[in-house]
Every structure is written in C-alpha cells, then in structure tokens.
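For reference, the structure discussed in these notes is given below.
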Amino acid sequence: MENKKEMRTWLDNMNLSHPLVIAGPCSAETEEQVLAVAHQLKDSDVTVFRAGIWKPRTRPGGFEGVGEIGLKWLKKAKEETGLLMGTEVATAAHCKLALEYDIDVLWVGARTTANPFAVQEIADTLKGTDKIVLIKNPVNPDLALWLGGVERLYMADIKNLGVIHRGFSTYQKTKYRNIPEWQIAIELQNKFPDLPLIIDPSHITGNRNMILEVTQEALDLNYDGMIIETHIDPDNAWSDAAQQVTPDALKQIFKDLKVRKESGDTADFEQKMGKLRATIDVLDANLLELLGKRMQVANEIGQVKRDANVAVLQNTRWNQILDKMVAEGSKKGLSEEFVNKIFKAIHQESINHQESIINS
C-alpha cells in the first residue's frame with residue numbers, strides 16, 4: 001500500500017492529548033440504556049461511543065442485537081452528547097444502514113475478517129467513504145488474512161483506516177478469553193507503522209478485572225488507543241456481561257493507566273539504553289549459537305533412530321522435557337505460556353530435522 005501515512009491522518013486530526021478511547025456497551029439493549037451510558041461518558045476521555053447493533057453469535061438462539069432501531073438510539077445519543085458514534089458491521093446491508101444513520105466509525109468484526117468475500121462486499125459498499133473504518137484481527141492467528149482485509153479496504157479508496165487487536169481463539173486453556181499473540185500485532189505494526197492500532201482488552205480478557213492490565217501492556221507497546229465495553233449494569237448485560245465495566249470503573253482505568261513516551265530525551269537515557277541493547281544483541285547471538293548446536297544433536301538422534309528404524313516422535317520423552325522446562329523456567333521468572341511456546345517451536349524444528357534424515 002502506498003501513502004500509508006494518510007491512514008493516520010484521521011487520528012492526528014483529532015488532536016487528542018491521550019490515546020483514543022472508544023467505549024460503550026457490548027450491545028445496544030434499550031434506548032434508555034444507550035443514552036444513560038453515553039451521558040455518563042460524555043465528559044470523560046471517551047471520543048467515540050460504541051454499541052453493538054448486530055451481534056454475531058457462535059450458536060443460534062442467543063441475543064443477536066436489536067437491529068436498525070438501535071441506530072436511531074445512537075443518532076439521538078450523538079445529538080445529546082456530541083460524542084462520535086461507532087458500531088460493528090458484518091454485511092453490506094449493515095454498512096448501508098450505518099451510513100444512512102451517519103455513524104462515524106465502523107469496524108469489521110473478527111468473524112467477518114476471516115471471510116475475504118464478506119470483507120470485499122463491505123469494501124465495495126463503503127468505497128470512497130470518509131468514515132473511519134477499522135478492521136479487527138481474524139479469529140485465527142493469521143497475519144496475512146488480517147493484512148488482506150486492510151488492503152481490500154484501502155483499495156476501495158477508504159483512507160481513514162485502522163486496526164483493532166482483539167486476540168485470537170484457541171483450544172488451549174489460558175487466563176485469556178482470546179490469547180493476545182502480541183507478536184502478530186507487533187509484526188503488523190512494523191509493516192505499517194502509520195496504521196493506527198487499537199487494543200480491545202474486553203475481548204482479549206473476557207474478564208473486567210484484567211482490562212487495566214492488558215490495556216497497559218498495549219500502551220507500553222505504543223498502541224494508539226483502546227475500545228472497552230462499558231455498561232451501566234454489567235452483571236445484567238444481555239451479552240458478554242463478565243467483560244464489561246461501569247462508566248465509573250472506566251474512568252478509574254483512565255486514571256491508573258500510564259502513557260509512556262516513545263523515546264527518552266536525555267544523553268544519559270541513550271547511553272544506558274545503548275549498553276543494554278548491546279548486551280541483548282550478544283545474548284541473542286548466543287541463543288542462536290546454542291539452538292544451532294541443539295539441532296546438530298537432533299540430527300545425530302535422527303541418524304540413530306534411522307539406523308534402528310525407530311519413530312521420530314517419542315511422546316513420553318517430550319512430555320518429560322516440557323514439564324521439566326516449565327518448572328525450570330518458573331524459577332527464572334518465565335511464564336508457563338512463554339516456555340511452552342518456545343519449547344514447542346524448538347521441538348517442532350527438531351522433528352523436522354530428524355524427519356529429513358530418516359526419510360533421506
């Protein structure tokens with residue numbers, strides 16, 4: 001994509017003194033609920049009020065949103081509070097209605113991002129719009145699919161673009177509802193540094209008590225803003241009750257968050273960072289050297305297994321190694337999640353080496 005800096009212009013033009021905040025209920029339930037939340041947020045750091053009008057449910061029978069009438073409530077909320085209005089769209093029909101009711105910010109949901117045909121239909125419908133259009137990461141950890149969605153929207157002459165990082169589905173049992181997989185968002189940010197990146201801690205955590213923690217981590221990684229589900233009575237919300245916060249809790253989060261500077265501005269800072277980064281470079285080189293030596297041993301193991309006609313995968317041995325490394329990693333301040341990822345990657349590379357030898 002050319003002229004990527006155009007994609008940040010809309011955020012720069014807001015002239016915010018703090019990261020962008022999009023907040024509001026997961027679902028618009030009643031006119032009274034929408035207006036109550038909007039009025040409680042109008043004098044805060046919130047710039048965009050959000051509410052789900054159409055709710056994609058994994059299984060039938062759940063609350064799927066109030067539909068078009070909710071857009072009328074958003075229009076009224078904008079008139080009364082002056083906040084910009086935003087909602088998720090999943091079809092061309094949703095887009096047409098959102099434009100008809102002058103919704104300011106539209107975003108493509110994770111399930112929709114995973115379907116290039118649907119994204120293309122949305123791009124065609126929004127072609128040339130000056131509305132802000134955001135696209136969430138797909139449900140599965142697929143950077144190419146996420147970037148493909150951005151490119152489809154950009155090629156439709158939609159310049160006011162951004163992305164939302166809402167985490168990725170997994171069968172693994174973790175403390176998150178959707179694991180962050182931070183490295184995927186960081187890689188996207190590295191490819192397109194002028195594409196505004198917004199964190200969705202509500203969907204990543206699925207737990208209101210973790211909202212601050214994940215949002216802070218995102219700000220530490222230079223994210224541009226946050227989208228946080230906010231409800232006047234979260235425990236009785238019609239959808240995603242556990243991950244929504246009250247307006248007062250949201251305002252407290254604003255107070256507790258620490259916005260970091262992008263870089264230090266003193267010679268002392270630069271000198272200290274230079275030394276530490278040089279140390280990191282040496283350690284990284286040592287890591288690669290050790291990994292190379294480990295794979296040489298894996299090659300020898302592959303040769304022994306080939307000569308004895310033994311299968312590559314030895315589950316008992318592998319599980320023993322993994323349990324041991326998780327325990328040792330804990331002693332060194334490394335999380336179980338991190339150690340699992342590292343050693344599973346090492347194990348897979350070792351298997352690849354051994355298979356190439358056995359099948360040679």
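Ligands are numbered from 1 in the order shown, residues from 1 within each chain, and chains are lettered A, B, ... in the order they appear in the structure tokens.
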
Select from range 97-198 of chain A every residue with an atom at most 9 Å from any atom of range 55-78 of chain A, then for each give the shortest pair of atoms and their distance in Å to one decimal, using only C-alpha atoms, rows by chain and rising number, as a tab-separated table.
residue	atom	partner	partner_atom	distance
A:Leu97	CA	A:Glu68	CA	7.3
A:Ala98	CA	A:Leu71	CA	7.2
A:Tyr101	CA	A:Leu71	CA	6.4
A:Asp102	CA	A:Lys75	CA	7.6
A:Ile103	CA	A:Lys75	CA	7.6
A:Gly109	CA	A:Pro56	CA	8.8
A:Arg111	CA	A:Pro56	CA	8.1

Query raised in the report: Counting only C-alpha atoms, what is within 6 Å of Lys136 in chain A, bar same-chain residues fewer than 2 positions away, as a PyMOL selection string?
Result: chain A and resi 108-110+163-165

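Proximity of A:Val119, A:Ile358, A:Ile280, A:Leu145 to Val133 in chain A, computed with only C-alpha atoms, is greatest for A:Val119.
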
- From range 6-241 of chain A, collect each residue whose DSSP state is alpha helix (DSSP H) and return the set as a VMD selection string. chain A and resid 6 to 13 31 to 41 68 to 81 92 to 100 110 to 113 116 to 125 143 to 155 182 to 191 201 to 205 211 to 220

Determine, counting only C-alpha atoms, which protein, DNA and RNA residues have an atom within 10 Å of an atom of range 186-199 of chain A; residues of the same chain fewer than 3 positions away are not included. Present the result as a PDB file with C-alpha atoms, in the first residue's frame.
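Saved the output as part06.pdb:
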ATOM      1  CA  MET A   1       0.000   0.000   0.000  1.00  0.00           C
ATOM      2  CA  ASN A   3       0.710   6.676   1.085  1.00  0.00           C
ATOM      3  CA  LYS A   4       0.265   4.775   4.319  1.00  0.00           C
ATOM      4  CA  LYS A   5       0.643   7.983   6.343  1.00  0.00           C
ATOM      5  CA  GLU A   6      -2.774   9.080   5.080  1.00  0.00           C
ATOM      6  CA  MET A   7      -4.222   6.334   7.273  1.00  0.00           C
ATOM      7  CA  ARG A   8      -3.023   8.066  10.450  1.00  0.00           C
ATOM      8  CA  THR A   9      -4.321  11.490   9.440  1.00  0.00           C
ATOM      9  CA  TRP A  10      -7.759  10.947  10.914  1.00  0.00           C
ATOM     10  CA  LEU A  11      -6.242  10.155  14.306  1.00  0.00           C
ATOM     11  CA  ASP A  12      -3.843  13.112  14.165  1.00  0.00           C
ATOM     12  CA  PRO A  19      -4.782   7.671  23.452  1.00  0.00           C
ATOM     13  CA  LEU A  20      -8.024   7.288  21.523  1.00  0.00           C
ATOM     14  CA  VAL A  21     -10.838   5.801  23.607  1.00  0.00           C
ATOM     15  CA  ILE A  22     -13.858   4.013  22.136  1.00  0.00           C
ATOM     16  CA  LEU A 134     -11.438  -0.280  11.448  1.00  0.00           C
ATOM     17  CA  ILE A 135     -10.848  -3.989  10.980  1.00  0.00           C
ATOM     18  CA  LYS A 136     -10.404  -6.483  13.796  1.00  0.00           C
ATOM     19  CA  LEU A 143      -1.478 -12.091   9.894  1.00  0.00           C
ATOM     20  CA  ALA A 144      -1.828 -12.409   6.116  1.00  0.00           C
ATOM     21  CA  TRP A 146      -5.680  -9.536   8.651  1.00  0.00           C
ATOM     22  CA  LEU A 147      -3.479  -7.575   6.253  1.00  0.00           C
ATOM     23  CA  VAL A 150      -6.837  -3.916   5.370  1.00  0.00           C
ATOM     24  CA  ASN A 160      -9.374   6.602   7.186  1.00  0.00           C
ATOM     25  CA  LEU A 161      -8.324   3.118   8.236  1.00  0.00           C
ATOM     26  CA  GLY A 162      -7.176   1.472  11.449  1.00  0.00           C
ATOM     27  CA  VAL A 163      -6.994  -1.973  13.038  1.00  0.00           C
ATOM     28  CA  ILE A 164      -8.300  -3.468  16.269  1.00  0.00           C
ATOM     29  CA  HIS A 165      -6.387  -6.183  18.093  1.00  0.00           C
ATOM     30  CA  ARG A 166      -8.945  -8.346  19.936  1.00  0.00           C
ATOM     31  CA  GLY A 167      -6.942 -11.531  20.427  1.00  0.00           C
ATOM     32  CA  PRO A 180      -3.271 -11.821  22.607  1.00  0.00           C
ATOM     33  CA  GLU A 181      -0.466 -13.274  20.455  1.00  0.00           C
ATOM     34  CA  TRP A 182       1.195  -9.860  20.766  1.00  0.00           C
ATOM     35  CA  GLN A 183       3.863 -10.704  18.199  1.00  0.00           C
ATOM     36  CA  SER A 202     -12.602  -6.668  26.670  1.00  0.00           C
ATOM     37  CA  HIS A 203     -12.497  -9.490  24.128  1.00  0.00           C
ATOM     38  CA  ILE A 204      -8.923 -10.487  24.893  1.00  0.00           C
ATOM     39  CA  VAL A 214      -3.930  -5.722  29.155  1.00  0.00           C
ATOM     40  CA  THR A 215      -4.590  -2.099  28.184  1.00  0.00           C
ATOM     41  CA  GLN A 216      -1.425  -1.004  29.968  1.00  0.00           C
ATOM     42  CA  GLU A 217       0.569  -3.683  28.176  1.00  0.00           C
ATOM     43  CA  ALA A 218      -0.779  -2.401  24.853  1.00  0.00           C
ATOM     44  CA  LEU A 219       0.105   1.212  25.665  1.00  0.00           C
ATOM     45  CA  LEU A 221       3.808  -1.326  23.072  1.00  0.00           C
ATOM     46  CA  ASN A 222       2.822   2.072  21.587  1.00  0.00           C
ATOM     47  CA  TYR A 223      -0.778   1.230  20.685  1.00  0.00           C
ATOM     48  CA  ASP A 224      -2.799   4.260  19.645  1.00  0.00           C
ATOM     49  CA  GLY A 225      -5.991   3.626  21.561  1.00  0.00           C
ATOM     50  CA  MET A 226      -8.434   1.259  23.201  1.00  0.00           C
ATOM     51  CA  ILE A 227     -12.004   0.001  22.746  1.00  0.00           C
ATOM     52  CA  ILE A 228     -13.539  -1.004  26.085  1.00  0.00           C
TER      53      ILE A 228
END

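Candidate residues A:Glu229, A:Glu29, A:Glu355, A:Asp130 were compared for distance to Arg306 in chain A, and the nearest is A:Glu355, using only C-alpha atoms.
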
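Among the candidates A:Cys95, A:Val48, A:Met273, A:Val326, the one nearest to Leu83 in chain A when counting only C-alpha atoms is A:Val48.
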
### Query
Among range 129-360 of chain A, which residues carry a DSSP assignment of strand (DSSP E), reported as a PyMOL selection string?
chain A and resi 132-136+161-165+197-199+225-229

From the list A:Leu322, A:Ala311, A:Ala36, A:Val139, the nearest residue to Gln354 in chain A using only C-alpha atoms is A:Ala311

**Message:** Quick one: residues within 10 Å of Ala237 in chain A, only C-alpha atoms, excluding same-chain residues fewer than 4 positions away - as a PyMOL selection string?
**Reply:** chain A and resi 25-29+230-233+241-244

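The two atoms in question, CA of Ile342 in chain A and CA of Asp142 in chain A, are spaced 18.9 Å apart.
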
Selection near Asn340 in chain A, 12 Å with only C-alpha atoms, sequence-local residues under 6 positions removed, as a ChimeraX atom specification
/A:172,174,318-319,321-330,334,346-348

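Once Thr125 in chain A and its same-chain neighbours fewer than 2 positions away are set aside, Val89, Ala90, Thr91, Ala92, Ala93, His94, Cys95, Lys96, Leu97, Ala98, Leu99, Ala118, Val119, Gln120, Glu121, Ile122, Ala123, Lys127, Gly128, Thr129, Arg152, Leu153, Ala156, Asp157 and Ile158 of chain A remain within 12 Å of it when counting only C-alpha atoms.
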
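Among the candidates A:Glu31, A:Glu349, A:Asp235, A:Glu88, the residue lying nearest to Arg294 in chain A is A:Glu349 (atoms considered: only C-alpha atoms).
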
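What separates CA of Arg260 in chain A from CA of Ala278 in chain A is a distance of 22.7 Å.
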
_Which residues are close to Ala249 in chain A, i.e. within 12 Å by only C-alpha atoms, leaving aside same-chain residues fewer than 2 positions away? Reply as an MDAnalysis selection string._
chainID A and resid 23 40:41 44 208:209 211:212 228:234 244:247 251:256

Computed gap from CA of Thr87 in chain A to CA of Arg50 in chain A is 5.6 Å
